[in-house]
file protein.tsv (TSV, N, CA, C and O atoms)
chain	number	residue	atom	x	y	z
A	1	MET	N	-27.26	17.11	-46.47
A	1	MET	CA	-26.61	15.90	-46.05
A	1	MET	C	-25.33	16.26	-45.30
A	1	MET	O	-24.54	17.05	-45.79
A	2	ASN	N	-25.18	15.69	-44.13
A	2	ASN	CA	-24.00	15.96	-43.32
A	2	ASN	C	-22.90	14.95	-43.66
A	2	ASN	O	-23.12	13.74	-43.63
A	3	ALA	N	-21.73	15.48	-43.89
A	3	ALA	CA	-20.59	14.61	-44.14
A	3	ALA	C	-20.00	14.15	-42.81
A	3	ALA	O	-20.06	14.88	-41.82
A	4	LYS	N	-19.42	12.96	-42.79
A	4	LYS	CA	-18.81	12.47	-41.56
A	4	LYS	C	-17.51	13.22	-41.31
A	4	LYS	O	-16.68	13.35	-42.18
A	5	ARG	N	-17.39	13.70	-40.09
A	5	ARG	CA	-16.17	14.40	-39.71
A	5	ARG	C	-15.16	13.37	-39.21
A	5	ARG	O	-15.54	12.29	-38.75
A	6	PRO	N	-13.87	13.69	-39.24
A	6	PRO	CA	-12.86	12.71	-38.79
A	6	PRO	C	-13.01	12.33	-37.32
A	6	PRO	O	-12.78	11.19	-36.96
A	7	GLU	N	-13.46	13.27	-36.49
A	7	GLU	CA	-13.58	12.94	-35.07
A	7	GLU	C	-14.76	12.01	-34.79
A	7	GLU	O	-14.84	11.38	-33.76
A	8	ASP	N	-15.72	11.93	-35.70
A	8	ASP	CA	-16.84	11.02	-35.51
A	8	ASP	C	-16.44	9.57	-35.74
A	8	ASP	O	-16.92	8.67	-35.06
A	9	SER	N	-15.56	9.32	-36.68
A	9	SER	CA	-15.22	7.94	-37.02
A	9	SER	C	-13.89	7.49	-36.41
A	9	SER	O	-13.59	6.30	-36.45
A	10	ALA	N	-13.12	8.39	-35.86
A	10	ALA	CA	-11.82	8.00	-35.30
A	10	ALA	C	-12.02	7.28	-33.97
A	10	ALA	O	-12.91	7.59	-33.20
A	11	ALA	N	-11.15	6.31	-33.73
A	11	ALA	CA	-11.21	5.57	-32.46
A	11	ALA	C	-10.61	6.44	-31.36
A	11	ALA	O	-9.57	7.08	-31.55
A	12	HIS	N	-11.30	6.48	-30.24
A	12	HIS	CA	-10.83	7.27	-29.11
A	12	HIS	C	-10.10	6.35	-28.14
A	12	HIS	O	-10.47	5.19	-27.96
A	13	LYS	N	-9.07	6.88	-27.48
A	13	LYS	CA	-8.34	6.10	-26.50
A	13	LYS	C	-9.19	5.93	-25.24
A	13	LYS	O	-9.80	6.87	-24.76
A	14	ALA	N	-9.19	4.71	-24.73
A	14	ALA	CA	-9.92	4.44	-23.49
A	14	ALA	C	-9.07	4.89	-22.31
A	14	ALA	O	-7.84	4.82	-22.35
A	15	PRO	N	-9.70	5.38	-21.24
A	15	PRO	CA	-8.92	5.77	-20.07
A	15	PRO	C	-8.25	4.55	-19.44
A	15	PRO	O	-8.79	3.45	-19.45
A	16	LEU	N	-7.04	4.75	-18.89
A	16	LEU	CA	-6.29	3.64	-18.31
A	16	LEU	C	-6.93	3.15	-17.02
A	16	LEU	O	-6.88	1.97	-16.71
A	17	THR	N	-7.49	4.05	-16.25
A	17	THR	CA	-8.14	3.66	-15.00
A	17	THR	C	-9.54	4.24	-14.96
A	17	THR	O	-9.83	5.24	-15.60
A	18	ALA	N	-10.38	3.60	-14.21
A	18	ALA	CA	-11.74	4.09	-14.06
A	18	ALA	C	-11.72	5.35	-13.20
A	18	ALA	O	-10.86	5.49	-12.32
A	19	PRO	N	-12.60	6.25	-13.43
A	19	PRO	CA	-12.63	7.45	-12.58
A	19	PRO	C	-12.94	7.06	-11.13
A	19	PRO	O	-13.82	6.24	-10.87
A	20	THR	N	-12.19	7.63	-10.22
A	20	THR	CA	-12.37	7.29	-8.81
A	20	THR	C	-13.27	8.32	-8.15
A	20	THR	O	-13.29	9.49	-8.50
A	21	ASP	N	-14.01	7.87	-7.17
A	21	ASP	CA	-14.88	8.74	-6.41
A	21	ASP	C	-14.07	9.33	-5.26
A	21	ASP	O	-13.51	8.60	-4.45
A	22	ARG	N	-13.97	10.62	-5.16
A	22	ARG	CA	-13.12	11.27	-4.16
A	22	ARG	C	-13.60	11.02	-2.73
A	22	ARG	O	-12.82	11.01	-1.81
A	23	GLU	N	-14.90	10.80	-2.53
A	23	GLU	CA	-15.41	10.60	-1.18
A	23	GLU	C	-15.04	9.23	-0.63
A	23	GLU	O	-14.98	9.04	0.57
A	24	GLN	N	-14.81	8.24	-1.47
A	24	GLN	CA	-14.52	6.89	-1.01
A	24	GLN	C	-13.04	6.71	-0.66
A	24	GLN	O	-12.70	5.79	0.06
A	25	ARG	N	-12.17	7.53	-1.17
A	25	ARG	CA	-10.74	7.40	-0.90
A	25	ARG	C	-10.39	8.05	0.42
A	25	ARG	O	-11.00	9.01	0.84
A	26	THR	N	-9.35	7.50	1.05
A	26	THR	CA	-8.87	8.12	2.28
A	26	THR	C	-8.15	9.41	1.95
A	26	THR	O	-7.54	9.52	0.89
A	27	PRO	N	-8.21	10.40	2.82
A	27	PRO	CA	-7.55	11.67	2.51
A	27	PRO	C	-6.02	11.54	2.47
A	27	PRO	O	-5.35	12.29	1.80
A	28	PHE	N	-5.46	10.55	3.20
A	28	PHE	CA	-4.01	10.35	3.19
A	28	PHE	C	-3.72	8.91	2.79
A	28	PHE	O	-4.10	7.99	3.50
A	29	PRO	N	-3.07	8.68	1.65
A	29	PRO	CA	-2.75	7.31	1.27
A	29	PRO	C	-1.63	6.75	2.15
A	29	PRO	O	-0.58	7.39	2.31
A	30	TRP	N	-1.84	5.60	2.75
A	30	TRP	CA	-0.87	5.00	3.64
A	30	TRP	C	0.34	4.51	2.86
A	30	TRP	O	0.20	3.87	1.82
A	31	PRO	N	1.55	4.77	3.37
A	31	PRO	CA	2.76	4.22	2.73
A	31	PRO	C	2.95	2.77	3.20
A	31	PRO	O	3.61	2.51	4.20
A	32	TRP	N	2.32	1.83	2.51
A	32	TRP	CA	2.27	0.45	2.98
A	32	TRP	C	3.65	-0.18	3.05
A	32	TRP	O	3.87	-1.10	3.86
A	33	GLY	N	4.60	0.27	2.24
A	33	GLY	CA	5.96	-0.27	2.33
A	33	GLY	C	6.60	0.08	3.66
A	33	GLY	O	7.23	-0.77	4.30
A	34	LEU	N	6.43	1.32	4.10
A	34	LEU	CA	7.00	1.72	5.39
A	34	LEU	C	6.28	1.04	6.55
A	34	LEU	O	6.91	0.69	7.55
A	35	VAL	N	4.99	0.83	6.41
A	35	VAL	CA	4.24	0.12	7.44
A	35	VAL	C	4.76	-1.31	7.56
A	35	VAL	O	4.97	-1.82	8.67
A	36	ALA	N	5.02	-1.97	6.43
A	36	ALA	CA	5.53	-3.34	6.45
A	36	ALA	C	6.92	-3.40	7.09
A	36	ALA	O	7.21	-4.31	7.87
A	37	ILE	N	7.78	-2.43	6.77
A	37	ILE	CA	9.11	-2.40	7.38
A	37	ILE	C	9.00	-2.19	8.89
A	37	ILE	O	9.73	-2.81	9.67
A	38	GLY	N	8.10	-1.33	9.32
A	38	GLY	CA	7.90	-1.10	10.75
A	38	GLY	C	7.40	-2.35	11.47
A	38	GLY	O	7.86	-2.67	12.57
A	39	VAL	N	6.48	-3.09	10.84
A	39	VAL	CA	5.97	-4.32	11.45
A	39	VAL	C	7.08	-5.35	11.55
A	39	VAL	O	7.22	-6.04	12.56
A	40	MET	N	7.90	-5.47	10.50
A	40	MET	CA	9.02	-6.42	10.55
A	40	MET	C	10.03	-6.03	11.62
A	40	MET	O	10.57	-6.89	12.33
A	41	ALA	N	10.30	-4.73	11.75
A	41	ALA	CA	11.24	-4.28	12.79
A	41	ALA	C	10.70	-4.59	14.18
A	41	ALA	O	11.45	-5.05	15.06
A	42	LEU	N	9.41	-4.37	14.41
A	42	LEU	CA	8.81	-4.71	15.71
A	42	LEU	C	8.87	-6.21	15.96
A	42	LEU	O	9.09	-6.65	17.09
A	43	GLY	N	8.69	-6.99	14.90
A	43	GLY	CA	8.80	-8.44	15.04
A	43	GLY	C	10.19	-8.86	15.45
A	43	GLY	O	10.38	-9.72	16.32
A	44	TRP	N	11.22	-8.26	14.83
A	44	TRP	CA	12.60	-8.59	15.19
A	44	TRP	C	12.92	-8.18	16.63
A	44	TRP	O	13.60	-8.91	17.36
A	45	VAL	N	12.42	-7.04	17.04
A	45	VAL	CA	12.64	-6.61	18.43
A	45	VAL	C	11.96	-7.58	19.39
A	45	VAL	O	12.53	-7.96	20.42
A	46	GLY	N	10.76	-8.01	19.05
A	46	GLY	CA	10.06	-8.98	19.89
A	46	GLY	C	10.80	-10.30	19.97
A	46	GLY	O	10.93	-10.88	21.06
A	47	ILE	N	11.31	-10.80	18.85
A	47	ILE	CA	12.09	-12.04	18.85
A	47	ILE	C	13.34	-11.87	19.70
A	47	ILE	O	13.70	-12.77	20.48
A	48	TYR	N	14.01	-10.75	19.58
A	48	TYR	CA	15.23	-10.48	20.36
A	48	TYR	C	14.92	-10.49	21.86
A	48	TYR	O	15.66	-11.09	22.65
A	49	LEU	N	13.82	-9.84	22.25
A	49	LEU	CA	13.47	-9.79	23.67
A	49	LEU	C	13.08	-11.16	24.21
A	49	LEU	O	13.46	-11.54	25.33
A	50	VAL	N	12.34	-11.92	23.43
A	50	VAL	CA	11.96	-13.27	23.87
A	50	VAL	C	13.20	-14.14	23.99
A	50	VAL	O	13.36	-14.89	24.96
A	51	TRP	N	14.11	-14.07	23.02
A	51	TRP	CA	15.34	-14.88	23.06
A	51	TRP	C	16.18	-14.51	24.29
A	51	TRP	O	16.69	-15.40	24.98
A	52	ASN	N	16.31	-13.22	24.57
A	52	ASN	CA	17.08	-12.82	25.75
A	52	ASN	C	16.39	-13.26	27.04
A	52	ASN	O	17.06	-13.62	28.01
A	53	GLY	N	15.07	-13.30	27.06
A	53	GLY	CA	14.36	-13.80	28.23
A	53	GLY	C	14.60	-15.28	28.43
A	53	GLY	O	14.81	-15.75	29.56
A	54	VAL	N	14.60	-16.06	27.35
A	54	VAL	CA	14.86	-17.50	27.45
A	54	VAL	C	16.28	-17.75	27.93
A	54	VAL	O	16.52	-18.58	28.81
A	55	VAL	N	17.24	-17.03	27.37
A	55	VAL	CA	18.64	-17.17	27.77
A	55	VAL	C	18.80	-16.79	29.24
A	55	VAL	O	19.52	-17.46	30.00
A	56	PHE	N	18.14	-15.73	29.67
A	56	PHE	CA	18.23	-15.31	31.06
A	56	PHE	C	17.66	-16.39	32.00
A	56	PHE	O	18.26	-16.67	33.03
A	57	LEU	N	16.53	-16.98	31.62
A	57	LEU	CA	15.93	-18.00	32.48
A	57	LEU	C	16.80	-19.24	32.59
A	57	LEU	O	16.88	-19.87	33.65
A	58	PHE	N	17.47	-19.64	31.52
A	58	PHE	CA	18.30	-20.84	31.56
A	58	PHE	C	19.66	-20.59	32.18
A	58	PHE	O	20.39	-21.54	32.44
A	59	ASN	N	20.05	-19.35	32.39
A	59	ASN	CA	21.33	-19.03	33.01
A	59	ASN	C	21.20	-18.76	34.50
A	59	ASN	O	22.18	-18.34	35.13
A	60	LEU	N	20.05	-18.95	35.09
A	60	LEU	CA	19.88	-18.71	36.52
A	60	LEU	C	20.56	-19.77	37.34
A	60	LEU	O	20.65	-20.89	37.16
call {"tool": "encode", "arguments": {"input": "protein.tsv", "output": "C-alpha cells"}}
result
Amino acid sequence: MNAKRPEDSAAHKAPLTAPTDREQRTPFPWPWGLVAIGVMALGWVGIYLVWNGVVFLFNL
C-alpha cells in the first residue's frame, strides 16, 4: 500500500500568466508610450503649422 506523499495532496500555485508562444510574438516589443508621445508631438506641430497658415492668409 502506497502512502500519500505531501506533494501529492498539496495545492500547487497556478501560473500568473499563460505560457506564450514565441513564434506569435514580435521580436521587438514596441514602446507604445513613446509612440503615443511622438504622435501627440506630430499633432501639435501640425496644429501649429495650420494656425500659422491661417494667420498668414488673414494678414495679407
call {"tool": "atom_distance", "arguments": {"input": "protein.tsv", "atom1": "atom CA of Pro31 of chain A", "atom2": "atom CA of Tyr48 of chain A"}}
result
26.1 Å
call {"tool": "atom_distance", "arguments": {"input": "protein.tsv", "atom1": "atom O of Phe56 of chain A", "atom2": "atom C of Trp44 of chain A"}}
result
19.2 Å
call {"tool": "atom_distance", "arguments": {"input": "protein.tsv", "atom1": "atom CA of Ile37 of chain A", "atom2": "atom CA of Val54 of chain A"}}
result
25.8 Å
